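Engineer: Below you will find the structure I want to go over with you.
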Amino acid sequence: GGGVASLLGFLQSPALQSCSVTLQLSRITVYKVLATTLTIFHEDTLGDATSLAQVISEVLKEELLSLEFWDACAEKGVGVVLSSAASTFPHSYKPLTSICYSLAKNTASCERLVQFASSLSLFTAEVPKSVFNSTVVEADEDWLYTNPAPLALTPGGEFIAKPNTQCNLREKRPNTVIVQWLYDYSLFSYLDNELAFLSKWSGTTTDQHFCWRLTRVTEILKIVYKLTKHYPDVYEVLTKTVDLITAIITKLRTDTQTHVEFTAVALKLISVIPYKTGWAALYKINFLPRSDNSLAAWEGLYTEILNYYERPNTMFPVTIALLKLLKRACENEDFVKDDQYLTESVLILLYVLRDVFCGIQKWRFENALVKLKMCKSILVVIAKTMKHYNEAQEERQESKAQLMTLIEEHMLPALHTGPAHHTLLNIVSWCSALDNLNVEEHVQRKVCSVVSHTLTVLSLVIKLSPANSGLEQALVVSTGENSNITSQIASYTYQNKSVKVSLHATRLLTDISTTNAVSLYSALGSSTVPLALAFVNRLTSRSQDVYIKSSILDFISAAVETQPSVTELFMSIEKEGVLGENSCLHPVLDYIKRSTTLPHVLVCSVYRLLYKIWHYRHTAAITALKNTEKFWENLCKHCFEEIDLDKTISSYQLLIRAYTFHILANDIFYNPSEATSDMVSQLQERDCFLYWTKVLKRICSSVEDITLSQNVLSEDLLFMLPLSEAYLSFVRAWRSFLVVTLVVRENKDDKLKDQITFHIAGALYNQTAKLDKRVTLKASAEFASLLTILLKRHNSSSDQPVLIRVCVQVLETATKSPHDLNQIVIIPVLASLLNVLQGLDPQSKKQVLKDSGSTNELVMLLCNQITSVNPNQLVALSCATLSQVIETTGSEGTWFSTIKTVIPGLVRLTEENVLSATHEVSEALLSLMLCLTNYKEGAAALQWSNIQRLLCFAQFYSDKLDSSAQLQRLWFLVIQIVINMLQTLQMKFAEEAILFASIRHDRFMAIVGSVRTDFSHIGEAELFSRLLYSLASYLDTWHLKAPHCLSDVGTILGTTVPIISHYLMTTSSTTKDEEITKVLAMLCNLSAMLRIMTPGILDLLKEKISVQCSRAHSSPSASPPQHLVRRDLPLTVS
């Protein structure tokens, strides 16, 4: 017995607990000793069973021993102790619960433990002697049998022994006996039975018997909590447990230790079951605040426990359990997606920040470890909540608006300027205080862990801080002896007690350096130079931690962007092209040479620094780097290495190449040289252009975010972007590189451009097909933009039908997406499509559309884009593209069956834009309608859609023509539509055309007359002459519908001779060819009109113009524009 007690004292000694390796070896050794001893000796000879169980449970805390324990025989060795502990349960429960709690370590062990706990066969209980004597008769020396009547084994009566159940008398007491029944049951059914009994308790909850049973249930709940945590299938047998637990909590006092410990364990169990069940139960008993409560006035069960038990007794089990509940909730993907519950969790966190975190510096604690545990838990929950806020902000999730409001209006102000930010800054100083205190090593590790989490939270808060926030000001405020928080954080970069503290301190310095409100050089003061030297020495050292080196390089990268003084100190460039002795670029160049043998995380940070140097044009550093031997060869060697796409792609692999292509593109664009030209030539010769384009096309259809697994260190997650973010960076870099090398520098390899164009189009289609995240949306935008640029500069591709088909597929996918893709995908792709069509001659265009097999789908898409509520630019592009399709296919196309249903909507939309003076869209729509009027079906559909009403609306343009060139174009389009409608429909549209001409005939007359003095309105006059010429064939209709307009024909005839004379006299070298062409066209149209309306007029004119007209017609620029004149009525002007 003394030996077992000594072993227990040895295993629980503080000295052994502080050293994890020694503790592990000690547990394994003691386990082997006990296994051997228990094989030789009976357990009763080793002392008290409870003490032996305590030693076994302490040993089994070592996870490596749990499976070995289950593999051992239960009849000998250590397994005997578990069987013995189970035989005395529930009367003596501690041996069994302590061993089971230690065994619940992992999934495999928990599964074996559940099997064991579900098939217990001995039930030991204390019963009164009178009951025992009346129900049990002796059968032999070892076993007894009950009378032929059932016997209740528990006060509630749920456990009832059947008649003739065997039992064993274990111990006799004055008034009771301890009896062991041969009875099959499970630990979980026993737990539900006890919970049901306690929930129905009608007496006082401070009764000794109630508290004793509550304590036993608490110990069992601890086991169930750990089992459910590692083996969730256990919850299937706990359907009633949560309701029973919450019913008991409402009965308990908030100032009694037994009651509070039960509540804490219950909260832990609720944290590992489905969140909706657990949280709903807690809300039901008003344990947690809800969004419909006023946080300032809320008081619930947790408030009472905190104020009446935990703070007075310096113990905080319920608070720690509540923080564990919040932490596990924030890690649960389903919980995070549930906007309501996530918002509720933020409300609880705000309560904890206000009532717990802000007072943690002033409160007394049972021991330092409790305080550290609480601080760490709160900091972890804050960090996870901030992460969810960032994701919601980046994704612009409207469903999380309430969550974002809570954080922006309450949580961030508390961390920026409120009491919480003072607590954060106070915790930062804990590490520096360790040097003056005699603290045990394991406590020091806990302190360093809390400080590292604090530094992480500060980094997150600084990134979200407004300019000149209270936190930024507090970082540079002196705290005595010319010191401040920033310099204290800088001192932690030398922290030898914890690599994590050094790492997070360096990363926090990086985040501080990105704020324009803080000048690091002045904030660090005299410690700036020593810090730079220390950082460079660490970079040079071969034994320094890789993650520390990476964080230092990231710090320098951030300084290049916003801290010029610090940057100059680190670069240490003595004169142009020469690096100083202490320059950080010496180890950087060394890393580039050895980059294939270094860890990816370090190489990625090196390339990120180089990218920042090029991006922010640090000319001196660029010159110094380029002057080193084989710089470009060493830098670009990763671009010639292929990636195994069948294996997991690391985000580092993509980022390293992304930074390389960014640097190349930047240098080629700003400072092209022979070295970079040679490097591009090598990339092209080795098919790297095509290879990396294909890589993008393949990756974009299967990019997934990286998840934390056993082979990924937690430090990696500080530097490693999700694969999707790294992929986006690579897309942007490759886009820049292709634009510079293929477009700006005009690569002559058309075949390469063709191949890249088609792969980019395919990548865009793959990316658009899975638009589920913000990153994929941005990648689609990059692909669409690149495709537009390539097709604008290179639209003579050899396989346009395939390209058009892919573009149509992209548009179909994008229009079905729940996201708004107008700006990032649809508009660029439409522009690309228009570039392709406009770059082809009419015959080739017709053949390409036919071969693509997508004409009808394209027309339908364009019609939907025009008639839907879309940006003006999209409507204009859609109209222009549709016009191209209609003009190309002509009457042979099947477009009319698709477009005829949307023509009424097209006319209404045009009316709305005309009335609202949206000139850009109006011009596009009128141009499309002009295109439709060239075809009988289109013109008839427009007439049926009441286009004359639109034309009347559009006439208000004519009042403002002198003030806007755009309005002039719109008015010309209106006149051209009337002319085309009349020429296409002829008599069917004559009445509407005459009405249109009669309404504005005064302006027309004035414009025609003004040509005698100047040609400023010659364009409008020429169009009006075409209209009059077209109307001349319908004299009878004109006479009936607009006699007042017809009466002005005499005036027109009277002005014709002066116009012709004026033209013949003013035709000279100073007259513009365009004006001459329009004057001739006007004269031809008027002459033809006059010939129809008054045939004798030509005889009057012939004598005056016969001599001089030949001179005018001999000029090549003055030939009549035949495409503007009706060809069915031949002119006889000579």
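Going by the structure tokens order, chains are called A, B, ..., each with residues numbered from 1, while ligands are numbered from 1 in the order shown.
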Contacts between region 881-885 of chain A and region 850-875 of chain A, please, where a residue of region 850-875 of chain A counts if it comes within 9 Å (with only C-alpha atoms); show its shortest atom pair and distance in Å to one decimal, rows by chain and ascending number, as a tab-separated table.
Structural biologist:
residue	atom	partner	partner_atom	distance
A:Thr855	CA	A:Val885	CA	7.8
A:Leu858	CA	A:Leu882	CA	8.3
A:Val859	CA	A:Leu882	CA	6.5
A:Leu862	CA	A:Leu882	CA	6.5
A:Cys863	CA	A:Leu882	CA	8.0
Engineer: Run DSSP on the backbone of this structure and report the residues of region 622-770 of chain A it assigns to alpha helix (DSSP H), as number ranges by chain.
Structural biologist: A: 622-626, 631-636, 651-670, 674-685, 688-699, 716-719, 723-738, 750-768
Engineer: Grab the CA of Ser817 (chain A) to CA of Val869 (chain A) distance for me, in Å with one decimal place.
Structural biologist: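 Taking CA of Ser817 (chain A) as the start and CA of Val869 (chain A) as the end point, the length is 15.5 Å.
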Engineer: Taking into account only C-alpha atoms, which residue in the set A:Lys697, A:Lys500, A:Arg908, A:His422 is nearest to His759 (chain A)?
Structural biologist: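 Going through A:Lys697, A:Lys500, A:Arg908, A:His422 one by one, the smallest distance to His759 (chain A) is for A:Lys697.
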Engineer: Just asking: which residues within region 406-571 of chain A are strand (DSSP E or B) according to DSSP, as a list in words?
Structural biologist: Ser478, Thr479, Gly480, Ser483 and Asn484 of chain A
Engineer: For region 546-560 of chain A, find every residue with an atom within 9 Å (counting only C-alpha atoms), except residues of its own chain fewer than 3 positions away, and show them as JSON, numbers by chain.
Structural biologist: {"A": [493, 499, 500, 502, 503, 504, 506, 507, 508, 509, 510, 511, 513, 514, 520, 535, 536, 538, 539, 543, 563, 564, 565, 566, 567, 568, 570, 584, 588, 599, 601, 602, 603, 604, 605, 606, 608, 609, 610, 611, 612, 613, 616, 618, 715, 716, 719]}
Engineer: Calculated over only C-alpha atoms, which of the candidates A:Tyr727, A:Phe159, A:Trp212, A:Trp632 has the smallest distance to Asp678 (chain A)?
Structural biologist: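 The shortest atom-to-atom distance to Asp678 (chain A) comes from A:Trp632.
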Engineer: So how many Å separate CA of Glu912 (chain A) and CA of Trp944 (chain A), to one decimal?
Structural biologist: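 According to the coordinates, CA of Glu912 (chain A) and CA of Trp944 (chain A) are separated by 18.2 Å.
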Engineer: Using CA of Ser527 (chain A) and CA of Asp590 (chain A) as the two end points, give the distance in Å to one decimal.
Structural biologist: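 These atoms are spaced 26.9 Å apart.
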Engineer: Which is closer to Ala383 (chain A) than all the others in A:Thr788, A:Ser459, A:Ser109, A:Ser595, using only C-alpha atoms?
Structural biologist: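 The answer is A:Ser459, which sits nearest to Ala383 (chain A).
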